[in-house]
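Source file: protein-v5.csv (CSV, C-alpha atoms and all ligand atoms)
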```
chain,number,residue,atom,x,y,z
A,1150,MET,CA,-9.0,16.5,-1.4
A,1151,ASP,CA,-8.1,16.7,2.3
A,1152,LEU,CA,-6.3,13.5,2.8
A,1153,ALA,CA,-6.8,13.7,6.6
A,1154,ARG,CA,-10.5,13.1,5.9
A,1155,LEU,CA,-9.8,9.6,4.5
A,1156,ALA,CA,-10.2,7.2,7.3
A,1157,SER,CA,-9.0,4.0,5.9
A,1158,LEU,CA,-7.0,2.3,3.1
A,1159,ASP,CA,-10.4,1.4,1.6
A,1160,ASP,CA,-11.2,5.2,1.4
A,1161,LEU,CA,-7.9,5.8,-0.3
A,1162,ALA,CA,-8.7,3.0,-2.7
A,1163,ARG,CA,-12.0,4.5,-3.6
A,1164,LEU,CA,-10.3,7.8,-4.4
A,1165,ALA,CA,-7.5,6.1,-6.3
A,1166,ARG,CA,-10.1,4.4,-8.5
A,1167,ARG,CA,-11.6,7.7,-9.4
A,1168,ARG,CA,-8.3,9.3,-10.3
A,1169,LEU,CA,-6.8,6.5,-12.4
A,1170,PRO,CA,-7.7,5.5,-16.0
A,1171,GLY,CA,-9.6,2.3,-15.9
A,1172,PHE,CA,-6.8,0.1,-17.3
A,1173,ALA,CA,-4.3,1.4,-14.7
A,1174,TRP,CA,-6.8,0.8,-11.9
A,1175,ASP,CA,-7.5,-2.7,-13.2
A,1176,PHE,CA,-3.8,-3.5,-13.6
A,1177,LEU,CA,-3.3,-2.6,-9.9
A,1178,GLU,CA,-6.4,-4.1,-8.4
A,1179,GLY,CA,-6.9,-7.2,-10.6
A,1180,GLY,CA,-6.4,-10.8,-9.7
A,1181,ALA,CA,-6.2,-14.1,-11.5
A,1182,GLY,CA,-9.3,-15.4,-13.3
A,1183,ALA,CA,-12.6,-14.5,-11.8
A,1184,GLU,CA,-10.7,-13.2,-8.7
A,1185,ALA,CA,-11.9,-15.7,-6.1
A,1186,GLY,CA,-8.3,-15.9,-4.9
A,1187,LEU,CA,-8.1,-12.1,-4.6
A,1188,ARG,CA,-11.3,-12.0,-2.5
A,1189,ARG,CA,-10.2,-15.0,-0.4
A,1190,ASN,CA,-7.2,-13.1,0.9
A,1191,ARG,CA,-9.5,-10.5,2.3
A,1192,ASP,CA,-12.3,-12.7,3.4
A,1193,ARG,CA,-10.1,-15.1,5.4
A,1194,LEU,CA,-8.4,-12.2,7.1
A,1195,ALA,CA,-11.8,-10.7,8.0
A,1196,ALA,CA,-12.8,-14.1,9.5
A,1197,VAL,CA,-9.9,-14.1,11.9
A,1198,LEU,CA,-11.0,-12.6,15.3
A,1199,LEU,CA,-8.8,-11.1,18.0
A,1200,LYS,CA,-9.2,-11.9,21.7
A,1201,PRO,CA,-8.9,-8.6,23.7
A,1202,ARG,CA,-7.6,-8.8,27.3
A,1203,PHE,CA,-8.5,-5.9,29.5
A,1204,ALA,CA,-7.1,-4.2,32.7
A,1205,THR,CA,-3.6,-5.2,31.7
A,1206,GLY,CA,-2.1,-1.8,32.3
A,1207,VAL,CA,0.3,-2.2,29.3
A,1208,THR,CA,1.7,0.6,27.1
A,1209,PRO,CA,2.4,-1.3,23.9
A,1210,ASP,CA,5.6,-1.2,21.9
A,1211,ALA,CA,4.6,-1.4,18.3
A,1212,SER,CA,8.2,-1.6,16.9
A,1213,ALA,CA,9.6,-4.7,15.2
A,1214,ARG,CA,13.0,-6.2,14.5
A,1215,LEU,CA,14.0,-8.2,11.5
A,1216,PHE,CA,17.5,-9.4,10.5
A,1217,ASP,CA,19.0,-7.3,13.3
A,1218,GLN,CA,17.4,-4.1,12.2
A,1219,GLY,CA,14.7,-2.1,14.0
A,1220,TYR,CA,11.6,-0.8,12.3
A,1221,ALA,CA,8.7,1.4,13.4
A,1222,LEU,CA,6.2,-1.4,12.8
A,1223,PRO,CA,6.3,-4.9,11.5
A,1224,LEU,CA,5.2,-3.5,8.2
A,1225,GLY,CA,6.9,-2.9,4.8
A,1226,VAL,CA,6.2,-2.3,1.1
A,1227,ALA,CA,6.0,-5.3,-1.2
A,1228,PRO,CA,7.4,-5.1,-4.7
A,1229,VAL,CA,5.4,-4.0,-7.7
A,1230,GLY,CA,6.5,-4.4,-11.3
A,1231,MET,CA,5.8,-1.4,-13.5
A,1232,GLY,CA,4.4,0.5,-10.6
A,1233,GLY,CA,5.3,3.6,-12.6
A,1234,LEU,CA,2.2,3.0,-14.6
A,1235,VAL,CA,0.0,3.4,-11.6
A,1236,TRP,CA,1.8,6.5,-10.4
A,1237,PRO,CA,5.0,7.9,-12.0
A,1238,LYS,CA,8.2,7.4,-10.0
A,1239,SER,CA,6.2,5.2,-7.6
A,1240,ASP,CA,9.4,3.4,-6.5
A,1241,LEU,CA,11.1,6.5,-5.6
A,1242,SER,CA,8.2,8.1,-3.7
A,1243,LEU,CA,7.6,4.9,-1.8
A,1244,ALA,CA,11.2,4.6,-0.9
A,1245,ARG,CA,11.2,8.1,0.5
A,1246,MET,CA,8.1,7.4,2.5
A,1247,ALA,CA,9.7,4.2,3.8
A,1248,ALA,CA,12.8,6.1,4.8
A,1249,ALA,CA,10.8,8.7,6.7
A,1250,GLY,CA,8.6,6.0,8.3
A,1251,LYS,CA,11.4,3.7,9.3
A,1252,MET,CA,10.1,0.9,7.2
A,1253,PRO,CA,11.5,-1.4,4.5
A,1254,PHE,CA,10.7,-0.8,0.8
A,1255,THR,CA,11.1,-3.6,-1.7
A,1256,LEU,CA,12.2,-2.7,-5.2
A,1257,GLY,CA,11.1,-5.2,-7.8
A,1258,SER,CA,13.4,-6.3,-10.7
A,1259,ALA,CA,10.5,-5.1,-12.9
A,1260,GLY,CA,10.6,-1.8,-11.1
A,1261,SER,CA,10.4,1.6,-12.9
A,1262,CYS,CA,13.3,3.4,-11.1
A,1263,THR,CA,16.9,2.3,-11.0
A,1264,ILE,CA,18.4,0.3,-8.2
A,1265,GLU,CA,20.9,3.0,-7.4
A,1266,GLU,CA,18.5,5.9,-7.2
A,1267,VAL,CA,16.0,4.0,-5.0
A,1268,ALA,CA,18.8,2.7,-2.7
A,1269,GLU,CA,20.0,6.2,-2.2
A,1270,ALA,CA,16.5,7.5,-1.3
A,1271,ALA,CA,16.2,5.1,1.6
A,1272,PRO,CA,19.7,4.0,2.8
A,1273,GLY,CA,19.7,0.7,4.6
A,1274,GLN,CA,16.0,0.2,4.2
A,1275,VAL,CA,15.6,-1.0,0.6
A,1276,TRP,CA,15.2,-4.7,-0.2
A,1277,PHE,CA,15.5,-6.1,-3.7
A,1278,GLN,CA,13.2,-8.6,-5.3
A,1279,LEU,CA,14.6,-10.7,-8.1
A,1280,TYR,CA,12.8,-12.8,-10.7
A,1281,ALA,CA,15.4,-15.4,-11.6
A,1282,LEU,CA,16.3,-14.7,-15.2
A,1283,LYS,CA,17.5,-17.1,-17.9
A,1284,ASP,CA,20.8,-15.3,-18.4
A,1285,PRO,CA,23.0,-16.0,-15.3
A,1286,ALA,CA,25.1,-13.0,-16.2
A,1287,ILE,CA,22.1,-10.6,-15.8
A,1288,ASN,CA,21.3,-12.2,-12.4
A,1289,ALA,CA,24.8,-11.8,-11.2
A,1290,ASN,CA,25.0,-8.2,-12.4
A,1291,LEU,CA,21.7,-7.3,-10.7
A,1292,LEU,CA,22.9,-8.8,-7.4
A,1293,ASP,CA,26.2,-7.1,-7.7
A,1294,ARG,CA,24.6,-3.7,-8.3
A,1295,ALA,CA,22.1,-4.2,-5.5
A,1296,TRP,CA,24.9,-5.1,-3.1
A,1297,LYS,CA,27.1,-2.2,-4.2
A,1298,ALA,CA,24.1,0.2,-3.7
A,1299,GLY,CA,23.9,-0.9,0.0
A,1300,ILE,CA,21.0,-3.3,-0.3
A,1301,ARG,CA,21.3,-6.2,2.2
A,1302,VAL,CA,18.0,-8.1,1.8
A,1303,LEU,CA,17.1,-10.1,-1.3
A,1304,ALA,CA,13.8,-11.7,-2.0
A,1305,LEU,CA,13.7,-14.3,-4.8
A,1306,THR,CA,10.2,-14.7,-6.2
A,1307,LEU,CA,9.3,-18.2,-7.1
A,1308,ASP,CA,5.6,-18.0,-7.8
A,1309,MET,CA,5.8,-17.0,-11.5
A,1310,PRO,CA,6.4,-20.3,-13.4
A,1311,ALA,CA,3.9,-18.8,-15.8
A,1312,PRO,CA,2.4,-15.3,-16.0
A,1313,GLY,CA,-1.0,-15.2,-14.2
A,1314,LYS,CA,-4.2,-15.0,-16.3
A,1315,ARG,CA,-5.5,-11.6,-15.4
A,1316,ASP,CA,-9.0,-11.3,-16.9
A,1317,ARG,CA,-9.2,-7.5,-16.4
A,1318,ASP,CA,-6.0,-6.9,-18.3
A,1319,LEU,CA,-7.2,-9.3,-21.1
A,1320,ARG,CA,-10.5,-7.4,-21.4
A,1321,ASN,CA,-8.7,-4.1,-21.5
A,1322,ARG,CA,-6.3,-5.5,-24.0
A,1323,PHE,CA,-3.7,-4.3,-21.6
A,1324,VAL,CA,-1.2,-6.8,-22.8
A,1325,LEU,CA,2.2,-6.4,-24.6
A,1326,PRO,CA,2.5,-4.8,-27.0
A,1327,PHE,CA,0.0,-2.3,-25.6
A,1328,ARG,CA,-2.1,-0.5,-28.2
A,1329,PRO,CA,-4.6,1.7,-26.4
A,1330,SER,CA,-8.0,1.9,-28.0
A,1331,LEU,CA,-9.5,5.3,-28.8
A,1332,ALA,CA,-11.8,4.9,-25.8
A,1333,GLN,CA,-8.8,4.3,-23.5
A,1334,ALA,CA,-6.9,7.3,-24.9
A,1335,LEU,CA,-10.0,9.5,-24.3
A,1336,GLY,CA,-10.4,7.9,-20.8
A,1337,VAL,CA,-6.9,9.2,-19.9
A,1338,LEU,CA,-8.0,12.7,-20.8
A,1339,ALA,CA,-10.7,12.3,-18.2
A,1340,LYS,CA,-8.1,11.7,-15.5
A,1341,PRO,CA,-6.2,15.0,-15.4
A,1342,ALA,CA,-4.3,14.4,-12.2
A,1343,TRP,CA,-2.8,11.1,-13.5
A,1344,ALA,CA,-2.2,12.5,-17.0
A,1345,ARG,CA,-0.4,15.6,-15.5
A,1346,ALA,CA,1.8,13.5,-13.2
A,1347,LEU,CA,2.7,11.2,-16.0
A,1348,LEU,CA,3.5,14.0,-18.4
A,1349,ALA,CA,5.7,15.6,-15.8
A,1350,CYS,CA,7.8,12.4,-15.4
A,1351,GLY,CA,7.7,10.9,-18.9
A,1352,ARG,CA,6.5,7.4,-19.8
A,1353,PRO,CA,7.2,4.8,-17.2
A,1354,ARG,CA,10.1,2.4,-18.1
A,1355,PHE,CA,11.5,-0.9,-16.8
A,1356,ALA,CA,14.4,1.1,-15.4
A,1357,VAL,CA,15.9,-1.8,-13.4
A,1358,MET,CA,16.2,-4.0,-16.5
A,1359,ALA,CA,16.8,-1.4,-19.2
A,1360,PRO,CA,20.6,-1.7,-19.2
A,1361,TYR,CA,20.4,-5.4,-20.2
A,1362,ALA,CA,18.3,-4.7,-23.3
A,1363,PRO,CA,20.2,-2.0,-25.2
A,1364,LYS,CA,18.4,-2.9,-28.4
A,1365,ALA,CA,14.9,-2.4,-26.9
A,1366,ARG,CA,13.8,1.0,-28.2
A,1367,THR,CA,10.3,1.1,-26.7
A,1368,VAL,CA,8.7,0.3,-23.4
A,1369,ASP,CA,6.8,-2.6,-25.1
A,1370,GLU,CA,10.1,-4.1,-26.5
A,1371,LEU,CA,11.6,-3.8,-23.1
A,1372,GLY,CA,8.5,-5.4,-21.5
A,1373,LEU,CA,8.7,-8.3,-23.9
A,1374,PHE,CA,12.4,-8.7,-23.1
A,1375,VAL,CA,11.7,-8.9,-19.4
A,1376,ARG,CA,8.9,-11.4,-19.8
A,1377,GLU,CA,11.0,-13.5,-22.1
A,1378,GLN,CA,13.9,-13.4,-19.6
A,1379,ILE,CA,12.0,-14.7,-16.6
A,1380,ASP,CA,13.0,-18.3,-16.1
A,1381,PRO,CA,9.9,-20.5,-16.1
A,1382,ASP,CA,11.9,-23.7,-15.3
A,1383,LEU,CA,13.3,-22.8,-11.9
A,1384,THR,CA,14.6,-25.6,-9.7
A,1385,TRP,CA,15.7,-25.7,-6.1
A,1386,GLU,CA,19.2,-26.3,-7.5
A,1387,LYS,CA,19.1,-22.9,-9.3
A,1388,VAL,CA,17.6,-21.3,-6.2
A,1389,LYS,CA,20.6,-22.7,-4.2
A,1390,THR,CA,23.0,-21.2,-6.7
A,1391,LEU,CA,21.4,-17.7,-6.4
A,1392,ARG,CA,21.5,-18.1,-2.6
A,1393,ALA,CA,25.2,-18.8,-2.8
A,1394,GLN,CA,25.7,-15.7,-5.0
A,1395,TRP,CA,24.1,-13.3,-2.5
A,1396,PRO,CA,26.2,-12.3,0.6
A,1397,GLY,CA,23.2,-10.8,2.4
A,1398,ARG,CA,19.9,-12.0,3.8
A,1399,PHE,CA,17.9,-14.2,1.5
A,1400,LEU,CA,14.2,-14.6,1.5
A,1401,VAL,CA,12.2,-16.9,-0.8
A,1402,LYS,CA,9.0,-15.1,-1.9
A,1403,GLY,CA,5.7,-16.5,-3.0
A,1404,LEU,CA,5.6,-19.8,-1.0
A,1405,LEU,CA,2.4,-21.4,0.2
A,1406,ALA,CA,3.1,-25.1,0.7
A,1407,PRO,CA,4.9,-25.7,4.1
A,1408,GLU,CA,7.0,-28.3,2.3
A,1409,ASP,CA,8.4,-25.6,0.1
A,1410,GLY,CA,9.2,-23.6,3.2
A,1411,THR,CA,11.1,-26.5,4.6
A,1412,GLN,CA,13.0,-26.8,1.3
A,1413,ALA,CA,13.8,-23.0,1.2
A,1414,LEU,CA,15.4,-23.3,4.7
A,1415,LYS,CA,17.2,-26.4,3.6
A,1416,ILE,CA,19.0,-24.6,0.7
A,1417,GLY,CA,20.1,-21.9,3.1
A,1418,ALA,CA,17.4,-19.2,2.9
A,1419,ASP,CA,17.2,-16.9,5.9
A,1420,GLY,CA,13.5,-16.8,5.8
A,1421,VAL,CA,10.3,-17.6,3.9
A,1422,TRP,CA,8.0,-15.0,2.4
A,1423,VAL,CA,4.5,-16.5,2.4
A,1424,SER,CA,2.4,-14.9,-0.4
A,1425,ASN,CA,0.1,-15.7,-3.3
A,1426,HIS,CA,1.2,-12.7,-5.2
A,1427,GLY,CA,-1.8,-10.7,-4.1
A,1428,GLY,CA,-4.2,-13.3,-5.7
A,1429,ARG,CA,-2.7,-12.5,-9.2
A,1430,GLN,CA,-1.2,-15.9,-10.1
A,1431,LEU,CA,-3.3,-18.9,-9.2
A,1432,GLU,CA,-6.9,-18.3,-8.5
A,1433,SER,CA,-7.3,-21.4,-6.5
A,1434,ALA,CA,-4.4,-20.7,-4.2
A,1435,PRO,CA,-5.1,-20.7,-0.4
A,1436,ALA,CA,-5.5,-17.3,1.3
A,1437,ALA,CA,-2.2,-15.9,2.4
A,1438,ILE,CA,-3.3,-15.8,6.1
A,1439,ASP,CA,-4.2,-19.5,6.1
A,1440,ALA,CA,-0.9,-20.4,4.4
A,1441,LEU,CA,1.0,-18.4,6.9
A,1442,ALA,CA,-0.5,-20.3,9.9
A,1443,ALA,CA,0.3,-23.6,8.2
A,1444,MET,CA,3.8,-22.5,7.4
A,1445,ARG,CA,4.4,-21.4,11.0
A,1446,ALA,CA,3.0,-24.7,12.3
A,1447,THR,CA,5.5,-26.6,10.1
A,1448,LEU,CA,8.6,-24.5,10.4
A,1449,GLY,CA,8.4,-23.9,14.1
A,1450,ALA,CA,8.9,-20.9,16.3
A,1451,GLU,CA,12.4,-20.0,15.3
A,1452,ALA,CA,12.1,-19.7,11.5
A,1453,THR,CA,11.8,-16.2,10.0
A,1454,ILE,CA,8.5,-15.9,8.2
A,1455,VAL,CA,7.2,-12.8,6.5
A,1456,MET,CA,3.8,-12.6,4.6
A,1457,ASP,CA,1.7,-10.4,2.4
A,1458,GLY,CA,-1.8,-10.6,0.9
A,1459,GLY,CA,-4.8,-8.4,1.6
A,1460,VAL,CA,-3.5,-6.6,4.6
A,1461,ARG,CA,-5.3,-3.2,4.7
A,1462,SER,CA,-5.5,-2.1,8.4
A,1463,GLY,CA,-3.6,-2.2,11.6
A,1464,GLU,CA,-6.0,-4.9,12.8
A,1465,ASP,CA,-5.1,-7.0,9.8
A,1466,LEU,CA,-1.5,-6.5,10.6
A,1467,ALA,CA,-2.0,-7.6,14.2
A,1468,LYS,CA,-3.8,-10.7,13.1
A,1469,ALA,CA,-1.0,-11.7,10.7
A,1470,VAL,CA,1.6,-11.2,13.4
A,1471,ALA,CA,-0.5,-13.1,15.9
A,1472,LEU,CA,-0.8,-16.0,13.5
A,1473,GLY,CA,3.0,-16.2,13.0
A,1474,ALA,CA,4.4,-13.5,10.8
A,1475,ASP,CA,7.6,-11.8,11.9
A,1476,PHE,CA,7.0,-9.1,9.4
A,1477,VAL,CA,4.1,-8.2,7.1
A,1478,LEU,CA,4.0,-6.3,3.8
A,1479,THR,CA,1.5,-4.8,1.5
A,1480,ALA,CA,1.7,-3.6,-2.1
A,1481,ARG,CA,-1.7,-2.3,-3.1
A,1482,GLY,CA,-2.3,-0.6,0.3
A,1483,PHE,CA,0.5,1.9,-0.4
A,1484,TYR,CA,-0.3,2.2,-4.1
A,1485,TYR,CA,-3.9,3.2,-3.2
A,1486,GLY,CA,-2.3,6.1,-1.3
A,1487,LEU,CA,0.0,7.0,-4.1
A,1488,ALA,CA,-2.8,7.1,-6.7
A,1489,ALA,CA,-5.0,9.0,-4.3
A,1490,GLY,CA,-2.6,11.7,-3.5
A,1491,GLY,CA,1.0,11.1,-4.6
A,1492,GLN,CA,3.7,10.7,-1.9
A,1493,ALA,CA,1.4,12.5,0.6
A,1494,GLY,CA,-1.2,9.9,-0.1
A,1495,ALA,CA,1.2,7.1,0.5
A,1496,GLU,CA,2.3,8.7,3.7
A,1497,ARG,CA,-1.4,8.9,4.7
A,1498,ALA,CA,-1.7,5.2,4.1
A,1499,PHE,CA,1.3,4.6,6.4
A,1500,ALA,CA,0.0,6.8,9.1
A,1501,LEU,CA,-3.4,5.1,9.0
A,1502,MET,CA,-1.7,1.7,9.3
A,1503,ALA,CA,0.6,2.8,12.1
A,1504,GLU,CA,-2.2,4.5,14.2
A,1505,ASP,CA,-4.5,1.5,13.8
A,1506,TYR,CA,-1.8,-1.0,14.7
A,1507,ARG,CA,-0.8,0.9,17.8
A,1508,ARG,CA,-4.5,1.3,18.8
A,1509,THR,CA,-5.1,-2.4,18.2
A,1510,LEU,CA,-2.2,-3.5,20.5
A,1511,LYS,CA,-3.6,-1.2,23.2
A,1512,GLN,CA,-7.2,-2.5,22.6
A,1513,ILE,CA,-6.2,-6.1,22.9
A,1514,GLY,CA,-3.8,-5.5,25.8
A,1515,CYS,CA,-0.7,-6.8,24.1
A,1516,PRO,CA,2.6,-5.4,25.4
A,1517,SER,CA,4.6,-5.6,22.1
A,1518,THR,CA,5.0,-6.9,18.6
A,1519,ALA,CA,7.5,-9.4,19.9
A,1520,GLU,CA,4.9,-10.9,22.3
A,1521,LEU,CA,1.9,-10.8,19.9
A,1522,ASP,CA,1.0,-14.5,19.2
A,1523,ARG,CA,-1.9,-16.9,19.1
A,1524,ARG,CA,-2.9,-16.0,22.7
A,1525,TRP,CA,-4.6,-13.0,21.1
A,1526,ILE,CA,-6.5,-15.0,18.5
A,1527,TRP,CA,-10.1,-16.0,19.3
A,1528,GLU,CA,-10.0,-19.7,18.6
B,1,LIG,C1,0.4,-4.3,-9.7
B,1,LIG,C2,1.2,-5.4,-9.0
B,1,LIG,C3,2.4,-5.8,-9.5
B,1,LIG,C4,3.2,-6.7,-8.8
B,1,LIG,N1,4.5,-7.0,-9.2
B,1,LIG,C5,5.2,-7.9,-8.5
B,1,LIG,C6,6.6,-8.2,-9.0
B,1,LIG,O1,7.1,-7.6,-10.0
B,1,LIG,N2,7.3,-9.1,-8.2
B,1,LIG,C7,6.8,-9.7,-7.1
B,1,LIG,O2,7.5,-10.5,-6.5
B,1,LIG,N3,5.5,-9.4,-6.7
B,1,LIG,C8,4.8,-8.6,-7.4
B,1,LIG,N4,3.5,-8.3,-6.9
B,1,LIG,C9,3.0,-9.0,-5.7
B,1,LIG,C10,3.2,-8.1,-4.5
B,1,LIG,O3,4.6,-8.0,-4.2
B,1,LIG,C11,2.6,-8.7,-3.2
B,1,LIG,O4,3.0,-10.1,-3.1
B,1,LIG,C12,1.0,-8.7,-3.2
B,1,LIG,O5,0.6,-7.6,-4.0
B,1,LIG,C13,0.6,-8.5,-1.8
B,1,LIG,O6,-0.8,-8.4,-1.7
B,1,LIG,P1,-1.6,-7.0,-1.5
B,1,LIG,O7,-1.3,-6.2,-2.7
B,1,LIG,O8,-3.0,-7.4,-1.3
B,1,LIG,O9,-1.0,-6.3,-0.3
B,1,LIG,C14,2.7,-7.3,-7.6
B,1,LIG,C15,1.5,-6.9,-7.1
B,1,LIG,C16,0.7,-6.0,-7.8
B,1,LIG,C17,-0.6,-5.6,-7.2
```

What is this file in structure tokens?
Amino acid sequence: MDLARLASLDDLARLARRRLPGFAWDFLEGGAGAEAGLRRNRDRLAAVLLKPRFATGVTPDASARLFDQGYALPLGVAPVGMGGLVWPKSDLSLARMAAAGKMPFTLGSAGSCTIEEVAEAAPGQVWFQLYALKDPAINANLLDRAWKAGIRVLALTLDMPAPGKRDRDLRNRFVLPFRPSLAQALGVLAKPAWARALLACGRPRFAVMAPYAPKARTVDELGLFVREQIDPDLTWEKVKTLRAQWPGRFLVKGLLAPEDGTQALKIGADGVWVSNHGGRQLESAPAAIDALAAMRATLGAEATIVMDGGVRSGEDLAKAVALGADFVLTARGFYYGLAAGGQAGAERAFALMAEDYRRTLKQIGCPSTAELDRRWIWE
């Protein structure tokens, strides 16, 4: 497949769907319950309209700054746990893409490559996402390793007080311990590109967490260990303790309520990451773009706010920035690319986003990312 003929992330998604076994596609694409929340992220973004201004003579500057660092665009890669299942070594490929594209990549604590190898692949551009774990010694060791590897931005995810109910995974019996049915095993044989890539790299692992569960012999055992370790009883007091343990920049991920944003800043977070986990946790959560606007209205112009959820084009990116995001991320957008064409596919996803964002700034007559705000929203 000539990747240059794929004109959008939706095109990449269609190809990805054809190349992945059904359970892997469903794991990537699925949302909570009947997926109304998943659809809402996209529908509400589509409902936002931009207000173009013409004859401005501007040559836009699409670059962005966050935490004193410059990036090509206000765009980064959001964390995905067990991404190696969708495409082998996904964390490493996406980190390399991010390094080449001058973009941040977030490694998840449920990631399938080690902190050290990913940090080395994109020096200065890797962020680390932590699920607070029950064992404080593991939290401390993860933070220590991340810091020593050169990572300077930490995102603590709060929106997992209970695992989401993902109906697709339940129907596929894609739950731990995973015992593929005969039909699923045969389905894999029908996806030679995926099977070849997986065979070349070996079975995906929870590489970030593996050192903490030496007794876990299989991926399933390790998965159960990780799930068991995620602290379901987080409090702001515990968040504050983790904040104090991290010398770098600290984002709180998964917030929707403006009150929680206020609380995050109060305990010393450097910014708020508005997200509904890509519609995977609470089906009746608000769309990320609506929560973003509410968060900005409450926290004011100076607070650092990043967001993710349903962003699939440069126009989506522009809308999120205009409605108050200092920085925007996507997870599935880049995974569509990976599954469609490996690292080259992910790079195609990035190129499409970059071209479209630059074109959008020019089309609406906005001089720069820094100046893009509600003046360019059709209200
Ligand atoms: C397959 C998958 C796994 C994810 N795993 C994690 C995770 O381990 N930690 C986390 O904070 N967010 C996780 N997320 C949520 C993403 O980081 C992000 O918030 C969301 O997917 C953004 O929406 P988008 O995929 O529509 O761009 C995951 C998302 C997907 C699709």

With all atoms listed in the file as the counted atoms, please give the residues lying no more than 10 Å from Ala1359 of chain A, apart from itself and same-chain residues fewer than 6 positions off, as a short mmCIF file (atom, residue, chain, number, x, y, z; two decimals) with C-alpha atoms, in the coordinates of the input.
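Here's the written file around33.cif:
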```cif
data_model
loop_
_atom_site.label_atom_id
_atom_site.label_comp_id
_atom_site.auth_asym_id
_atom_site.auth_seq_id
_atom_site.Cartn_x
_atom_site.Cartn_y
_atom_site.Cartn_z
CA ALA A 1259 10.50 -5.10 -12.90
CA SER A 1261 10.40 1.60 -12.90
CA THR A 1263 16.90 2.30 -11.00
CA ALA A 1365 14.90 -2.40 -26.90
CA ARG A 1366 13.80 1.00 -28.20
CA VAL A 1368 8.70 0.30 -23.40
CA LEU A 1371 11.60 -3.80 -23.10
CA GLY A 1372 8.50 -5.40 -21.50
CA PHE A 1374 12.40 -8.70 -23.10
CA VAL A 1375 11.70 -8.90 -19.40
#
```

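In terms of minimum interatomic distance to Ala1356 of chain A, A:Val1267 ranks closest within A:Ala1298, A:Leu1405, A:Val1267, A:Val1226, counting only C-alpha atoms.
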
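Counting from atom CA of Glu1432 of chain A, the distance to atom CA of Ala1195 of chain A is 18.8 Å.
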
So which residues fall inside 10 Å of (5.2, -21.8, 12.6) if we count only C-alpha atoms? Mind giving them as an NGL selection string? :A and (1407 or 1441-1454 or 1472-1474)

Pick out the closest residue to ligand LIG 1 (chain B) from this set: A:Lys1415, A:Arg1167, A:Lys1283, A:Arg1191. Count only C-alpha atoms and all ligand atoms.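 Closest candidate: A:Arg1191.
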
Work out how far atom CA of Pro1228 of chain A is from atom CA of Glu1496 of chain A, in Å to one decimal.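 Interatomic distance, atom CA of Glu1496 of chain A to atom CA of Pro1228 of chain A: 16.9 Å.
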
Is there a way to get, as a CSV table (one decimal) with C-alpha atoms, in the coordinates of the input, all residues within 12 Å of the point (-6.1, -2.6, 20.7) in file coordinates, counting all atoms listed in the file?
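Contents of the output file result02.csv:
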```csv
chain,number,residue,atom,x,y,z
A,1199,LEU,CA,-8.8,-11.1,18.0
A,1200,LYS,CA,-9.2,-11.9,21.7
A,1201,PRO,CA,-8.9,-8.6,23.7
A,1202,ARG,CA,-7.6,-8.8,27.3
A,1203,PHE,CA,-8.5,-5.9,29.5
A,1205,THR,CA,-3.6,-5.2,31.7
A,1207,VAL,CA,0.3,-2.2,29.3
A,1208,THR,CA,1.7,0.6,27.1
A,1209,PRO,CA,2.4,-1.3,23.9
A,1210,ASP,CA,5.6,-1.2,21.9
A,1211,ALA,CA,4.6,-1.4,18.3
A,1463,GLY,CA,-3.6,-2.2,11.6
A,1464,GLU,CA,-6.0,-4.9,12.8
A,1465,ASP,CA,-5.1,-7.0,9.8
A,1466,LEU,CA,-1.5,-6.5,10.6
A,1467,ALA,CA,-2.0,-7.6,14.2
A,1468,LYS,CA,-3.8,-10.7,13.1
A,1504,GLU,CA,-2.2,4.5,14.2
A,1505,ASP,CA,-4.5,1.5,13.8
A,1506,TYR,CA,-1.8,-1.0,14.7
A,1507,ARG,CA,-0.8,0.9,17.8
A,1508,ARG,CA,-4.5,1.3,18.8
A,1509,THR,CA,-5.1,-2.4,18.2
A,1510,LEU,CA,-2.2,-3.5,20.5
A,1511,LYS,CA,-3.6,-1.2,23.2
A,1512,GLN,CA,-7.2,-2.5,22.6
A,1513,ILE,CA,-6.2,-6.1,22.9
A,1514,GLY,CA,-3.8,-5.5,25.8
A,1515,CYS,CA,-0.7,-6.8,24.1
A,1516,PRO,CA,2.6,-5.4,25.4
A,1517,SER,CA,4.6,-5.6,22.1
A,1521,LEU,CA,1.9,-10.8,19.9
A,1525,TRP,CA,-4.6,-13.0,21.1
```

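For the pair atom CA of Pro1223 of chain A and atom CA of Phe1476 of chain A, the interatomic distance is 4.7 Å.
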
Got a sec to check which residues lie within 6 Å of ligand LIG 1 (chain B), using only C-alpha atoms and all ligand atoms, and send them as a PyMOL selection string? chain A and resi 1176-1177+1227-1230+1257+1259+1306+1424+1426-1427+1457-1460+1479-1482

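Checking A:Gln1430, A:Ser1157, A:Thr1384, A:Thr1255 one by one against Leu1478 of chain A, counting all atoms listed in the file, you find the shortest gap at A:Thr1255.
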
Considering only C-alpha atoms, return as a PyMOL selection string whatever protein or nucleic-acid residues lie within 8 Å of segment 1285-1288 of chain A, sequence-local ones (same chain, fewer than 4 positions apart) excluded. chain A and resi 1281+1292+1361

Given all atoms listed in the file as the counted atoms, nearest of A:Ile1379, A:Ala1349, A:Ala1495, A:Ala1418 to Asp1240 of chain A: A:Ala1495

Contacts of Trp1174 of chain A at 9 Å or less, counting all atoms listed in the file, minus same-chain residues fewer than 6 places along, as a list in words?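 Selected residues are Ala1165, Arg1166, Arg1167, Arg1168 and Val1235 of chain A.
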
Counting all atoms listed in the file, which of A:Trp1236, A:Leu1431, A:Gln1492, A:Gly1250 gets nearest to Leu1347 of chain A? A:Trp1236
